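Enquirer: entry.cif (mmCIF, C-alpha atoms) pasted underneath:
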data_query
loop_
_atom_site.label_atom_id
_atom_site.label_comp_id
_atom_site.auth_asym_id
_atom_site.auth_seq_id
_atom_site.Cartn_x
_atom_site.Cartn_y
_atom_site.Cartn_z
CA MET A 506 22.50 143.04 52.20
CA ASP A 507 22.37 145.28 49.11
CA SER A 508 21.00 148.20 51.10
CA ALA A 509 23.78 147.79 53.67
CA ARG A 510 26.45 147.94 51.01
CA SER A 511 25.13 151.25 49.72
CA GLY A 512 25.70 152.87 53.10
CA GLN A 513 22.11 154.16 52.96
CA GLY A 514 18.74 152.68 53.95
CA SER A 515 18.10 149.97 56.48
CA ALA A 516 21.02 147.75 57.39
CA VAL A 517 18.81 144.69 57.29
CA SER A 518 15.67 143.40 55.72
CA GLY A 519 14.17 142.46 59.11
CA SER A 520 12.83 144.81 61.77
CA ARG A 521 15.44 144.05 64.46
CA PRO A 522 19.04 144.04 63.21
CA HIS A 523 21.70 141.88 64.82
CA ILE A 524 24.72 144.02 65.72
CA VAL A 525 27.82 142.02 66.58
CA PHE A 526 30.94 143.35 68.29
CA ALA A 527 33.97 141.13 67.73
CA GLY A 528 36.53 141.97 70.39
CA ALA A 529 36.18 143.71 73.75
CA GLY A 530 38.68 146.52 73.33
CA HIS A 531 38.40 149.92 74.98
CA ALA A 532 36.47 151.43 72.06
CA ALA A 533 34.02 148.52 71.85
CA LEU A 534 33.06 148.71 75.51
CA LEU A 535 32.51 152.45 75.38
CA ALA A 536 30.51 152.07 72.16
CA LEU A 537 28.37 149.32 73.66
CA ARG A 538 27.70 151.43 76.72
CA ALA A 539 26.46 154.28 74.53
CA LEU A 540 24.76 152.20 71.86
CA ARG A 541 22.29 150.43 74.11
CA GLY A 542 20.91 153.81 75.17
CA MET A 543 20.65 154.94 71.55
CA LEU A 544 18.91 151.86 70.18
CA ARG A 545 17.05 150.72 73.28
CA GLN A 546 15.26 147.53 72.19
CA GLU A 547 15.51 148.24 68.46
CA ALA A 548 18.45 145.88 67.90
CA LYS A 549 19.90 142.63 69.20
CA ILE A 550 23.52 143.18 70.26
CA THR A 551 26.13 140.47 70.80
CA LEU A 552 29.67 140.87 72.12
CA ILE A 553 32.24 138.18 71.27
CA SER A 554 35.35 138.16 73.45
CA GLU A 555 38.14 135.63 73.78
CA ARG A 556 38.24 136.22 77.53
CA ALA A 557 35.57 136.76 80.18
CA SER A 558 37.19 140.04 81.18
CA ALA A 559 38.81 142.93 79.34
CA SER A 560 42.20 144.28 80.41
CA TYR A 561 42.83 148.01 80.70
CA SER A 562 46.40 148.44 79.49
CA GLY A 563 46.94 151.86 81.09
CA MET A 564 47.25 150.31 84.55
CA VAL A 565 49.74 147.57 83.61
CA PRO A 566 52.83 149.45 84.91
CA GLY A 567 51.03 150.10 88.20
CA VAL A 568 50.29 146.39 88.59
CA ILE A 569 53.90 145.49 87.84
CA GLU A 570 55.15 148.05 90.35
CA GLY A 571 52.72 146.84 93.01
CA ILE A 572 50.50 149.91 93.26
CA TYR A 573 47.45 147.97 92.05
CA GLU A 574 46.39 144.37 92.43
CA ALA A 575 46.01 142.56 89.09
CA PRO A 576 42.17 142.45 89.25
CA ALA A 577 42.10 146.26 89.33
CA LEU A 578 42.75 146.46 85.59
CA GLN A 579 40.19 143.80 84.65
CA ILE A 580 36.68 144.68 83.49
CA PRO A 581 34.39 141.63 83.98
CA LEU A 582 32.28 141.22 80.87
CA LYS A 583 29.44 139.03 82.14
CA PRO A 584 27.96 141.65 84.50
CA PHE A 585 28.72 144.36 81.91
CA ALA A 586 26.75 142.48 79.25
CA ARG A 587 23.88 141.67 81.60
CA HIS A 588 23.58 145.28 82.76
CA HIS A 589 23.47 146.64 79.20
CA GLY A 590 21.18 143.96 77.78
CA ILE A 591 23.89 142.47 75.56
CA ASP A 592 24.49 138.83 74.71
CA LEU A 593 28.03 137.71 75.54
CA LEU A 594 29.86 134.89 73.78
CA VAL A 595 33.25 134.01 75.27
CA GLU A 596 35.01 132.60 72.22
CA LYS A 597 38.09 133.39 70.17
CA VAL A 598 37.30 135.08 66.84
CA VAL A 599 39.16 133.21 64.09
CA GLY A 600 37.65 134.77 60.94
CA ALA A 601 34.57 136.18 59.25
CA SER A 602 32.65 136.19 56.00
CA ALA A 603 30.40 138.95 54.67
CA GLN A 604 27.50 137.54 56.71
CA GLU A 605 28.91 135.86 59.83
CA VAL A 606 31.72 135.80 62.35
CA MET A 607 33.57 132.54 62.89
CA THR A 608 34.78 131.62 66.36
CA SER A 609 36.78 128.66 67.62
CA SER A 610 33.62 126.54 67.87
CA THR A 611 30.70 128.25 66.13
CA SER A 612 29.58 130.99 63.76
CA VAL A 613 27.50 134.07 64.51
CA PRO A 614 25.44 135.75 61.76
CA PHE A 615 25.35 139.54 61.72
CA ASP A 616 23.67 142.45 60.02
CA VAL A 617 26.21 144.96 61.29
CA LEU A 618 29.69 144.00 62.49
CA ILE A 619 32.12 146.07 64.56
CA LEU A 620 35.65 144.71 64.77
CA ASN A 621 37.77 145.74 67.76
CA LEU A 622 40.24 142.86 67.82
CA GLY A 623 43.27 144.92 68.81
CA SER A 624 46.71 143.93 67.61
CA LYS A 625 49.46 141.52 68.46
CA THR A 626 53.06 142.35 69.26
CA ARG A 627 55.24 142.54 66.17
CA LEU A 628 57.80 139.74 66.51
CA GLY A 629 59.89 139.62 63.39
CA GLY A 630 63.22 138.06 62.48
CA ALA A 631 65.24 137.05 65.52
CA LEU A 632 62.23 137.26 67.86
CA GLN A 633 60.15 134.61 66.12
CA GLY A 634 60.14 131.37 68.07
CA SER A 635 62.29 132.85 70.84
CA GLY A 636 61.57 132.96 74.55
CA VAL A 637 60.64 136.64 74.45
CA ILE A 638 57.47 137.68 76.29
CA PRO A 639 55.27 139.91 74.10
CA ALA A 640 53.49 142.97 75.44
CA LYS A 641 50.14 141.52 74.36
CA PRO A 642 48.00 139.92 75.60
CA VAL A 643 48.20 141.65 78.97
CA PRO A 644 47.47 138.56 81.13
CA ALA A 645 50.34 136.67 79.48
CA LEU A 646 52.70 139.63 79.96
CA LEU A 647 51.93 139.85 83.67
CA ALA A 648 52.18 136.07 84.08
CA GLY A 649 55.57 136.09 82.35
CA ILE A 650 56.92 138.77 84.64
CA ASP A 651 55.51 137.02 87.72
CA GLY A 652 56.94 133.71 86.54
CA VAL A 653 60.52 134.61 87.41
CA SER A 654 62.02 132.06 89.77
CA PRO A 655 61.49 133.07 93.41
CA ASN A 656 65.15 132.19 93.96
CA THR A 657 66.16 135.05 91.66
CA ASN A 658 66.46 138.08 93.94
CA ALA A 659 67.61 140.42 91.21
CA PRO A 660 66.38 139.16 87.83
CA ARG A 661 67.93 140.77 84.78
CA TYR A 662 65.40 142.37 82.43
CA THR A 663 65.74 143.39 78.81
CA ILE A 664 62.99 145.42 77.17
CA LEU A 665 62.90 145.55 73.39
CA GLY A 666 61.32 148.77 72.16
CA ALA A 667 61.57 152.28 73.61
CA GLY A 668 58.05 153.61 73.16
CA VAL A 669 55.93 154.88 76.04
CA ALA A 670 54.71 151.42 77.08
CA GLY A 671 58.13 149.80 77.13
CA ILE A 672 59.73 152.64 79.08
CA GLU A 673 56.88 152.72 81.61
CA VAL A 674 57.38 149.01 82.25
CA ALA A 675 61.12 149.58 82.72
CA PHE A 676 60.39 152.18 85.42
CA ALA A 677 57.86 149.86 87.06
CA LEU A 678 60.36 146.99 87.12
CA ARG A 679 62.93 149.25 88.77
CA GLN A 680 60.50 149.92 91.63
CA ARG A 681 59.79 146.20 91.88
CA HIS A 682 63.46 145.15 91.87
CA GLN A 683 65.86 147.82 93.07
CA ARG A 684 68.97 145.71 92.41
CA SER A 685 68.03 144.30 89.01
CA GLU A 686 69.86 145.09 85.80
CA ILE A 687 67.35 146.66 83.42
CA THR A 688 68.17 147.37 79.79
CA VAL A 689 66.00 149.00 77.13
CA LEU A 690 67.01 148.35 73.51
CA GLU A 691 65.66 150.47 70.66
CA GLN A 692 66.28 149.61 67.02
CA GLY A 693 65.61 153.18 65.91
CA PRO A 694 67.94 156.14 66.35
CA ALA A 695 66.17 157.65 69.38
CA LEU A 696 63.88 156.98 72.32
CA LEU A 697 60.22 157.94 72.10
CA ARG A 698 60.31 158.76 68.41
CA GLY A 699 57.91 161.54 67.44
CA PHE A 700 57.66 163.12 70.90
CA PRO A 701 58.86 166.67 71.73
CA GLU A 702 62.51 167.06 72.65
CA GLY A 703 61.68 168.41 76.11
CA PHE A 704 59.61 165.33 76.92
CA VAL A 705 62.33 162.95 75.71
CA HIS A 706 64.97 164.88 77.69
CA ARG A 707 63.02 164.55 80.95
CA VAL A 708 62.32 160.86 80.42
CA THR A 709 66.00 160.24 79.64
CA ARG A 710 67.01 162.02 82.83
CA HIS A 711 64.70 159.78 84.85
CA LEU A 712 66.05 156.67 83.11
CA ASN A 713 69.57 157.66 84.13
CA ARG A 714 68.48 158.30 87.71
CA ALA A 715 66.79 154.91 87.83
CA ARG A 716 69.94 153.20 86.52
CA ILE A 717 68.13 151.90 83.46
CA ASP A 718 70.48 151.36 80.54
CA ALA A 719 68.73 152.67 77.41
CA ARG A 720 70.45 152.07 74.05
CA CYS A 721 69.36 153.20 70.60
CA GLY A 722 70.35 152.01 67.13
CA VAL A 723 70.67 148.43 68.40
CA MET A 724 69.84 145.36 66.34
CA VAL A 725 68.95 142.11 68.10
CA ASP A 726 70.42 139.00 66.51
CA LYS A 727 69.08 136.31 68.85
CA VAL A 728 67.11 135.90 72.08
CA ALA A 729 68.17 132.94 74.21
CA PRO A 730 66.75 131.85 77.62
CA GLN A 731 69.30 133.92 79.56
CA ALA A 732 70.82 136.30 77.03
CA VAL A 733 70.10 138.68 74.19
CA SER A 734 72.68 138.59 71.40
CA LEU A 735 73.21 141.79 69.43
CA SER A 736 74.27 142.13 65.81
CA ASP A 737 77.62 143.67 66.85
CA GLY A 738 78.54 140.37 68.48
CA SER A 739 77.97 141.41 72.09
CA ASP A 740 75.59 139.73 74.54
CA ILE A 741 73.35 141.11 77.29
CA ALA A 742 72.56 138.81 80.20
CA SER A 743 68.78 138.60 80.48
CA ASP A 744 66.57 136.41 82.63
CA VAL A 745 63.40 137.99 81.25
CA THR A 746 63.13 139.58 77.80
CA LEU A 747 60.02 141.62 77.02
CA ALA A 748 58.98 142.78 73.56
CA PHE A 749 57.31 146.17 73.11
CA THR A 750 58.19 146.19 69.43
CA GLY A 751 55.08 147.70 67.91
CA ALA A 752 51.77 146.45 66.60
CA ALA A 753 51.06 143.75 64.02
CA PRO A 754 47.65 142.76 62.61
CA PRO A 755 45.89 139.98 64.52
CA GLY A 756 45.88 136.65 62.69
CA ALA A 757 42.08 136.52 62.40
CA LEU A 758 42.21 139.29 59.77
CA ASP A 759 43.84 136.84 57.35
CA HIS A 760 40.54 134.94 57.30
CA MET A 761 38.28 137.90 56.55
CA PRO A 762 37.29 139.37 53.16
CA PHE A 763 37.37 142.98 54.30
CA ALA A 764 39.63 145.59 52.73
CA ARG A 765 43.12 145.97 54.20
CA ALA A 766 45.23 149.12 54.52
CA TYR A 767 48.86 149.57 53.49
CA ASP A 768 50.06 148.26 56.89
CA GLY A 769 48.01 145.04 56.87
CA PHE A 770 45.35 146.28 59.28
CA LEU A 771 41.71 146.72 58.27
CA ALA A 772 41.16 149.79 56.11
CA VAL A 773 38.50 152.19 57.33
CA GLU A 774 37.03 155.44 56.15
CA ASP A 775 36.21 158.55 58.20
CA THR A 776 32.96 156.85 59.28
CA PHE A 777 34.81 153.79 60.70
CA GLN A 778 33.32 151.70 57.86
CA THR A 779 35.43 149.38 55.74
CA PRO A 780 35.37 150.51 52.08
CA SER A 781 34.62 146.99 50.86
CA HIS A 782 31.74 146.25 53.27
CA PRO A 783 29.93 149.34 54.61
CA ASN A 784 28.01 147.23 57.13
CA VAL A 785 31.35 146.31 58.71
CA PHE A 786 33.03 148.82 61.02
CA ALA A 787 36.50 148.59 62.57
CA VAL A 788 38.06 150.56 65.39
CA GLY A 789 41.09 150.56 67.67
CA ASP A 790 44.42 148.95 66.86
CA CYS A 791 42.98 146.57 64.26
CA ALA A 792 41.94 149.49 62.02
CA THR A 793 43.88 152.01 59.95
CA ASN A 794 42.44 155.07 58.22
CA PRO A 795 44.93 155.70 55.37
CA THR A 796 43.80 159.31 54.96
CA ASN A 797 43.60 160.16 58.68
CA LYS A 798 46.39 158.25 60.39
CA ARG A 799 46.58 157.89 64.15
CA PRO A 800 48.99 155.97 66.40
CA LYS A 801 47.99 152.51 67.60
CA SER A 802 47.20 153.88 71.03
CA GLY A 803 44.60 153.28 73.67
CA VAL A 804 44.08 157.04 73.94
CA PHE A 805 42.64 157.23 70.44
CA SER A 806 40.67 154.00 70.91
CA VAL A 807 38.94 155.45 73.95
CA ARG A 808 38.01 158.60 72.04
CA SER A 809 36.64 156.53 69.18
CA GLY A 810 34.14 154.58 71.29
CA PRO A 811 31.22 157.05 71.50
CA LEU A 812 31.78 158.10 67.86
CA VAL A 813 31.54 154.48 66.71
CA ALA A 814 28.27 154.14 68.61
CA GLN A 815 26.85 157.16 66.76
CA ALA A 816 27.97 155.78 63.40
CA VAL A 817 26.51 152.33 64.03
CA ALA A 818 23.23 153.73 65.34
CA ALA A 819 22.88 155.92 62.25
CA PHE A 820 23.62 153.01 59.92
CA ALA A 821 21.19 150.70 61.71
CA ALA A 822 18.52 153.38 61.30
CA GLY A 823 19.13 153.58 57.54
CA GLN A 824 21.09 156.83 57.66
CA ALA A 825 24.59 157.59 56.38
CA PRO A 826 27.07 157.85 59.29
CA GLN A 827 28.74 161.21 59.67
CA LYS A 828 32.44 161.55 58.93
CA VAL A 829 34.62 162.18 61.97
CA ALA A 830 38.22 163.24 62.46
CA LEU A 831 39.95 162.46 65.71
CA GLN A 832 42.25 165.21 66.93
CA ASN A 833 45.96 164.82 66.25
CA GLN A 834 47.25 165.65 69.72
CA ALA A 835 46.57 163.58 72.81
CA LEU A 836 47.56 163.89 76.43
CA VAL A 837 50.31 161.37 77.18
CA LEU A 838 51.09 160.52 80.80
CA LEU A 839 54.20 158.38 81.31
CA ALA A 840 54.61 156.89 84.79
CA THR A 841 58.23 157.04 85.99
CA GLY A 842 57.70 154.93 89.11
CA ASN A 843 57.13 155.72 92.77
CA ARG A 844 53.86 157.51 91.99
CA SER A 845 55.38 160.14 89.73
CA ALA A 846 54.82 160.81 86.04
CA ILE A 847 55.70 163.04 83.11
CA GLY A 848 52.93 164.46 80.95
CA VAL A 849 52.97 166.08 77.52
CA ARG A 850 50.38 167.65 75.27
CA ASN A 851 50.76 170.17 72.46
CA GLY A 852 54.45 170.49 73.33
CA LEU A 853 53.83 171.40 76.98
CA VAL A 854 55.69 169.09 79.37
CA VAL A 855 55.00 168.77 83.10
CA GLU A 856 56.09 166.23 85.69
CA GLY A 857 55.72 165.22 89.29
CA ARG A 858 53.36 163.51 91.71
CA LEU A 859 50.37 165.62 90.70
CA VAL A 860 50.78 164.35 87.14
CA TRP A 861 50.74 160.77 88.38
CA GLN A 862 47.67 161.51 90.51
CA LEU A 863 45.92 162.74 87.35
CA LYS A 864 46.91 159.55 85.52
CA ASP A 865 45.76 157.42 88.45
CA TRP A 866 42.40 159.21 88.56
CA LEU A 867 41.87 158.87 84.80
CA ASP A 868 42.80 155.18 84.82
CA ARG A 869 40.64 154.28 87.80
CA SER A 870 37.73 156.31 86.44
CA PHE A 871 37.85 154.51 83.09
CA VAL A 872 37.75 151.07 84.69
CA SER A 873 35.13 152.13 87.22
CA LYS A 874 32.62 153.42 84.69
CA LEU A 875 32.78 150.15 82.76
CA THR A 876 32.77 147.84 85.77
CA VAL A 877 29.34 146.60 86.82
CA PRO A 878 29.16 144.88 90.23
CA PRO A 879 28.26 141.17 89.99
CA LYS A 880 24.60 140.38 90.51
CA GLY A 881 23.66 140.24 94.15
CA THR A 882 26.41 142.56 95.40
CA ALA A 883 25.93 146.04 96.80
#
For this file, write the structure as structure tokens.

Expert:
Amino acid sequence: MDSARSGQGSAVSGSRPHIVFAGAGHAALLALRALRGMLRQEAKITLISERASASYSGMVPGVIEGIYEAPALQIPLKPFARHHGIDLLVEKVVGASAQEVMTSSTSVPFDVLILNLGSKTRLGGALQGSGVIPAKPVPALLAGIDGVSPNTNAPRYTILGAGVAGIEVAFALRQRHQRSEITVLEQGPALLRGFPEGFVHRVTRHLNRARIDARCGVMVDKVAPQAVSLSDGSDIASDVTLAFTGAAPPGALDHMPFARAYDGFLAVEDTFQTPSHPNVFAVGDCATNPTNKRPKSGVFSVRSGPLVAQAVAAFAAGQAPQKVALQNQALVLLATGNRSAIGVRNGLVVEGRLVWQLKDWLDRSFVSKLTVPPKGTA
């Protein structure tokens, strides 16, 4: 492994390196799709995923609203792996050493490791041990929303966190339940922090039209089965409380020797390599580049995929991966329900049905290009 740690030369002493992807996030699947074409039969590639399918988070509001069926956002991994000549291990990653990945029942040696384990929902203070439903993992979120008693015609929803994802879900729930009370609570001083004023203004206008009560500067003191207690002593009746409270590092990182960034996520350089172990790469939510910060967003994960493939292919060939810098601005499309959306990029804000149609096309296209029909189907 000495040559791997130098960042130069062959990644392994043998002729056919074992490249392991831990986690089936957006970036990993795109990287795998590109990497097989780059390396052909020059490497053995294994994908480890906790589930047999990967969820595309961009279509979650559409599933909640009823535009899509739940399977529409799932990418089956078995046909994907077979089509691309990749070994698939459906196991939960629980840790790693400098030479192998540990799962719930076995260990997998690697020459090159790419970590794309995502993140978990940050549940601090009053939310720990409560009945709140976290935004991740996606299957549990959808199951929690679907688990409302069928006798409840107008369930009361409280959404903690006023970022894009939380607000989109609020709009989707309004389309699903026209008579429900829906409340969005934000601990910070404003909705959609960091977005242009024009974008926030339009979203706020749609929230008011949809009768969604959005409150900022609110501290949650306790979450009970049918109520959310606030620090000012007031209570909000809530049958379902959802947490979109930001990203926290996945627990498996606590059992890995790789360098961590200031926020607890894996530290990476401009080549996606960890500074402590250059044969270990990290991408997506589980990684933070301290000198080139980006939001924990699926948009940036998707853009990283092909670049990670190039970096890994170079490293496996004994070359130094090139440094990359993802652009700062990204197109954000926020669905407001009823097949309409608001988009923003570089300060330009647009809205309407054509914006939603663009979002729908982008979402469906992403899932489609990664979905391989099961063997034996047309």

Enquirer: Kindly indicate which residue among A:Gly852, A:Pro566, A:Gly823, A:Pro878 lies nearest to A:Glu702, using all atoms listed in the file for the distances.

Expert: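 That would be A:Gly852, the residue with the smallest distance to A:Glu702.
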
Enquirer: Please list as a list in words every residue within 12 Å of A:Lys798, counting all atoms listed in the file and excluding residues in the same chain fewer than 6 positions away.

Expert: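 The contact residues come out as Ala766, Tyr767, Asp768, Ala772, Val773, Glu774, Asp775, Gly789, Asp790, Ala792, Phe805, Ala830, Leu831, Gln832, Asn833 and Gln834 of chain A.
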
Enquirer: Using all atoms listed in the file, I'd like a table of the residues in stretch 779-811 of chain A that come within 12 Å of stretch 623-640 of chain A; for each, show the closest atom pair and its distance in Å rounded to one decimal, ordered by chain and ascending number, as a Markdown table.

Expert:
| residue | atom | partner | partner_atom | distance |
| --- | --- | --- | --- | --- |
| A:Ala787 | CA | A:Gly623 | CA | 9.9 |
| A:Val788 | CA | A:Gly623 | CA | 8.4 |
| A:Gly789 | CA | A:Gly623 | CA | 6.2 |
| A:Asp790 | CA | A:Gly623 | CA | 4.6 |
| A:Cys791 | CA | A:Gly623 | CA | 4.8 |
| A:Ala792 | CA | A:Gly623 | CA | 8.3 |
| A:Thr793 | CA | A:Gly623 | CA | 11.4 |
| A:Lys801 | CA | A:Ser624 | CA | 8.7 |
| A:Ser802 | CA | A:Gly623 | CA | 10.0 |
| A:Gly803 | CA | A:Gly623 | CA | 9.8 |
| A:Ser806 | CA | A:Gly623 | CA | 9.7 |

Enquirer: Write out as CSV a residue-level contact list of stretch 535-644 of chain A versus stretch 519-524 of chain A with cut-off 7 Å: for each qualifying residue the closest pair of atoms and the distance in Å to one decimal, counting only C-alpha atoms, rows sorted by chain and residue number upward.

Expert:
residue,atom,partner,partner_atom,distance
A:Glu547,CA,A:Arg521,CA,5.8
A:Ala548,CA,A:Arg521,CA,4.9
A:Lys549,CA,A:His523,CA,4.8
A:Ile550,CA,A:Ile524,CA,4.8
A:Thr551,CA,A:Ile524,CA,6.4
A:Phe615,CA,A:His523,CA,5.3
A:Asp616,CA,A:His523,CA,5.2
A:Val617,CA,A:Ile524,CA,4.8
A:Leu618,CA,A:Ile524,CA,5.9

Enquirer: Could you spell out the hits of the PyMOL selection byres ((chain A and resi 693-698) around 7) on the shown file, as a list of chain:residue names?

Expert: A:Ala667, A:Gly668, A:Val669, A:Glu691, A:Gln692, A:Gly699, A:Phe700, A:Val705, A:Cys721, A:Gly722
